[in-house]
Amino acid sequence: MTRALALAEAAAVAGEVPVGAVLVRDEVVLGEGANGPIEAHDPSAHAELRALRAAALTVQNYRLPGSTLYVTLEPCTMCAGALLHARVARLVFATREPRAGAVRSQFQMLEHAAFNHRVVVDEGLMAAPSAALLQSFFRARRAPRAAQES
């Protein structure tokens, strides 16, 4: 999660929402990613999907059984769906996304009975620094608008 947080910090510096993700299997990093939809002009360039894409290229397979994804923010519906399709075994996320989280906050996609794959979920690892980074990022983005309105 330490590496995922570093990737999130790099995303923030680039002006992206600070989310980082690292996919590991057998203690080997297979892929990592930082949020990049703005820079890539790609709505699917979320940190999780970038990590999954990199890992799939590394192992030359779109299925990633036995892997664990570490991510600084609870995944959205798109990313949760990708975890299912990639057959990721475990998800560890740092902090919840109260508005659009698809694993615990708003939806429990990974627990839906219709899916034939299950992902073990753990949350809270490095939650405080991950949440602080997000809060700081959005506070800074709101500050110029607040100054213009006053």
# chains A, B, ... in the order shown; residues from 1 in each chain; ligands from 1
$ residues_around --residues "Ala102 in chain A" --least-positions-apart "2" --cutoff "12 Å" --atoms "only C-alpha atoms" --output "PyMOL selection string"
chain A and resi 73-83+93+96-100+104-112+121
$ select_by_dssp --residues "chain A" --states "strand (DSSP E or B)" --output "PyMOL selection string"
chain A and resi 20-25+28-34+68-73+90-95+120-123
$ write_last_selection --atoms "N, CA and C atoms" --output "tab-separated table (two decimals), in the first residue's frame"
chain	number	residue	atom	x	y	z
A	20	GLY	N	-3.84	5.55	-6.33
A	20	GLY	CA	-2.79	4.68	-6.82
A	20	GLY	C	-3.15	3.23	-6.56
A	21	ALA	N	-2.65	2.35	-7.42
A	21	ALA	CA	-2.96	0.92	-7.29
A	21	ALA	C	-1.75	0.08	-7.68
A	22	VAL	N	-1.59	-1.04	-6.97
A	22	VAL	CA	-0.51	-1.98	-7.23
A	22	VAL	C	-1.08	-3.40	-7.18
A	23	LEU	N	-0.81	-4.19	-8.21
A	23	LEU	CA	-1.27	-5.57	-8.24
A	23	LEU	C	-0.08	-6.49	-8.00
A	24	VAL	N	-0.25	-7.39	-7.03
A	24	VAL	CA	0.83	-8.27	-6.58
A	24	VAL	C	0.36	-9.72	-6.61
A	25	ARG	N	1.29	-10.61	-6.96
A	25	ARG	CA	1.03	-12.05	-6.83
A	25	ARG	C	2.32	-12.71	-6.35
A	28	VAL	N	5.32	-10.52	-5.76
A	28	VAL	CA	5.94	-9.89	-6.93
A	28	VAL	C	4.94	-8.88	-7.50
A	29	VAL	N	5.41	-7.66	-7.73
A	29	VAL	CA	4.55	-6.64	-8.34
A	29	VAL	C	4.41	-6.98	-9.82
A	30	LEU	N	3.16	-7.17	-10.25
A	30	LEU	CA	2.87	-7.47	-11.64
A	30	LEU	C	2.51	-6.22	-12.43
A	31	GLY	N	1.91	-5.26	-11.75
A	31	GLY	CA	1.50	-4.03	-12.43
A	31	GLY	C	1.12	-2.97	-11.42
A	32	GLU	N	1.23	-1.73	-11.85
A	32	GLU	CA	0.84	-0.61	-10.98
A	32	GLU	C	0.28	0.50	-11.85
A	33	GLY	N	-0.45	1.39	-11.21
A	33	GLY	CA	-1.02	2.51	-11.95
A	33	GLY	C	-1.43	3.64	-11.05
A	34	ALA	N	-1.40	4.83	-11.62
A	34	ALA	CA	-1.90	6.02	-10.95
A	34	ALA	C	-3.06	6.55	-11.79
A	68	THR	N	-3.47	-9.96	-5.70
A	68	THR	CA	-4.06	-9.00	-4.75
A	68	THR	C	-3.85	-7.61	-5.31
A	69	LEU	N	-4.93	-6.82	-5.32
A	69	LEU	CA	-4.84	-5.42	-5.73
A	69	LEU	C	-4.88	-4.55	-4.49
A	70	TYR	N	-3.86	-3.71	-4.34
A	70	TYR	CA	-3.81	-2.71	-3.28
A	70	TYR	C	-4.15	-1.37	-3.93
A	71	VAL	N	-5.16	-0.68	-3.40
A	71	VAL	CA	-5.57	0.60	-3.98
A	71	VAL	C	-5.93	1.56	-2.85
A	72	THR	N	-5.64	2.83	-3.07
A	72	THR	CA	-5.80	3.83	-2.01
A	72	THR	C	-7.25	4.26	-1.79
A	73	LEU	N	-8.13	3.97	-2.74
A	73	LEU	CA	-9.53	4.38	-2.62
A	73	LEU	C	-10.43	3.23	-3.06
A	90	ARG	N	-8.00	-10.99	-4.35
A	90	ARG	CA	-8.15	-10.19	-3.14
A	90	ARG	C	-8.01	-8.71	-3.48
A	91	LEU	N	-8.82	-7.91	-2.83
A	91	LEU	CA	-8.76	-6.45	-2.93
A	91	LEU	C	-8.47	-5.89	-1.55
A	92	VAL	N	-7.47	-5.02	-1.46
A	92	VAL	CA	-7.18	-4.30	-0.22
A	92	VAL	C	-7.27	-2.82	-0.57
A	93	PHE	N	-8.26	-2.12	-0.01
A	93	PHE	CA	-8.34	-0.69	-0.28
A	93	PHE	C	-8.20	0.09	1.02
A	94	ALA	N	-7.68	1.29	0.89
A	94	ALA	CA	-7.35	2.09	2.07
A	94	ALA	C	-8.58	2.77	2.66
A	95	THR	N	-9.24	3.56	1.86
A	95	THR	CA	-10.34	4.37	2.40
A	95	THR	C	-11.57	4.27	1.52
A	120	VAL	N	-12.02	-11.54	-2.20
A	120	VAL	CA	-11.90	-11.28	-0.77
A	120	VAL	C	-11.55	-9.79	-0.62
A	121	VAL	N	-12.21	-9.12	0.31
A	121	VAL	CA	-12.02	-7.67	0.47
A	121	VAL	C	-11.54	-7.35	1.88
A	122	ASP	N	-10.49	-6.55	1.95
A	122	ASP	CA	-10.01	-5.99	3.21
A	122	ASP	C	-9.92	-4.48	3.02
A	123	GLU	N	-10.25	-3.75	4.04
A	123	GLU	CA	-10.17	-2.29	3.94
A	123	GLU	C	-9.52	-1.70	5.17
$ atom_distance --atom1 "CA of Leu64 in chain A" --atom2 "CA of Asp26 in chain A"
11.7 Å
$ select_by_dssp --residues "range 1-147 of chain A" --states "helix (DSSP H, G or I)" --output "NGL selection string"
:A and (2-13 or 37-40 or 47-59 or 77-86 or 109-111 or 127-147)
$ closest_residue --among "A:Arg3, A:Arg141, A:Arg87, A:His117" --to "Tyr62 in chain A" --atoms "only C-alpha atoms"
A:Arg87
$ decode --residues "range 11-22 of chain A" --atoms "all heavy atoms" --output "CSV table (one decimal), in the first residue's frame"
chain,number,residue,atom,x,y,z
A,11,ALA,N,0.0,11.2,-8.8
A,11,ALA,CA,-1.2,11.6,-9.6
A,11,ALA,C,-1.7,13.0,-9.2
A,11,ALA,O,-2.1,13.8,-10.0
A,11,ALA,CB,-2.4,10.6,-9.4
A,12,ALA,N,-1.7,13.2,-7.9
A,12,ALA,CA,-2.1,14.6,-7.4
A,12,ALA,C,-1.2,15.7,-8.0
A,12,ALA,O,-1.7,16.7,-8.4
A,12,ALA,CB,-2.0,14.6,-5.9
A,13,VAL,N,0.1,15.4,-8.0
A,13,VAL,CA,1.0,16.4,-8.5
A,13,VAL,C,0.7,16.7,-10.0
A,13,VAL,O,0.8,17.8,-10.5
A,13,VAL,CB,2.5,15.9,-8.4
A,13,VAL,CG1,3.5,16.8,-9.2
A,13,VAL,CG2,2.9,15.9,-6.9
A,14,ALA,N,0.3,15.6,-10.7
A,14,ALA,CA,-0.1,15.8,-12.1
A,14,ALA,C,-1.5,16.4,-12.3
A,14,ALA,O,-1.9,16.5,-13.5
A,14,ALA,CB,0.0,14.4,-12.8
A,15,GLY,N,-2.2,16.7,-11.2
A,15,GLY,CA,-3.5,17.3,-11.3
A,15,GLY,C,-4.6,16.3,-11.4
A,15,GLY,O,-5.8,16.6,-11.7
A,16,GLU,N,-4.3,15.0,-11.2
A,16,GLU,CA,-5.3,13.9,-11.3
A,16,GLU,C,-5.8,13.6,-9.9
A,16,GLU,O,-5.1,13.9,-8.9
A,16,GLU,CB,-4.7,12.6,-11.8
A,16,GLU,CG,-4.1,12.8,-13.2
A,16,GLU,CD,-5.2,12.7,-14.3
A,16,GLU,OE1,-6.4,12.4,-14.0
A,16,GLU,OE2,-4.8,12.8,-15.5
A,17,VAL,N,-7.0,13.1,-9.7
A,17,VAL,CA,-7.5,12.6,-8.4
A,17,VAL,C,-6.5,11.6,-7.9
A,17,VAL,O,-6.1,10.7,-8.6
A,17,VAL,CB,-8.9,12.0,-8.5
A,17,VAL,CG1,-9.4,11.5,-7.2
A,17,VAL,CG2,-9.9,13.1,-9.0
A,18,PRO,N,-6.0,11.9,-6.7
A,18,PRO,CA,-4.9,11.0,-6.1
A,18,PRO,C,-5.3,9.6,-5.7
A,18,PRO,O,-5.7,9.4,-4.6
A,18,PRO,CB,-4.4,11.8,-4.9
A,18,PRO,CG,-5.6,12.6,-4.5
A,18,PRO,CD,-6.4,12.9,-5.7
A,19,VAL,N,-5.2,8.7,-6.7
A,19,VAL,CA,-5.5,7.3,-6.5
A,19,VAL,C,-4.4,6.5,-7.1
A,19,VAL,O,-3.9,6.8,-8.2
A,19,VAL,CB,-6.8,6.8,-7.1
A,19,VAL,CG1,-7.1,5.4,-6.8
A,19,VAL,CG2,-8.0,7.7,-6.5
A,20,GLY,N,-3.8,5.6,-6.3
A,20,GLY,CA,-2.8,4.7,-6.8
A,20,GLY,C,-3.2,3.2,-6.6
A,20,GLY,O,-3.9,2.9,-5.6
A,21,ALA,N,-2.7,2.3,-7.4
A,21,ALA,CA,-3.0,0.9,-7.3
A,21,ALA,C,-1.7,0.1,-7.7
A,21,ALA,O,-1.0,0.4,-8.6
A,21,ALA,CB,-4.1,0.6,-8.2
A,22,VAL,N,-1.6,-1.0,-7.0
A,22,VAL,CA,-0.5,-2.0,-7.2
A,22,VAL,C,-1.1,-3.4,-7.2
A,22,VAL,O,-1.8,-3.8,-6.2
A,22,VAL,CB,0.6,-1.8,-6.2
A,22,VAL,CG1,1.7,-2.9,-6.4
A,22,VAL,CG2,1.2,-0.4,-6.2
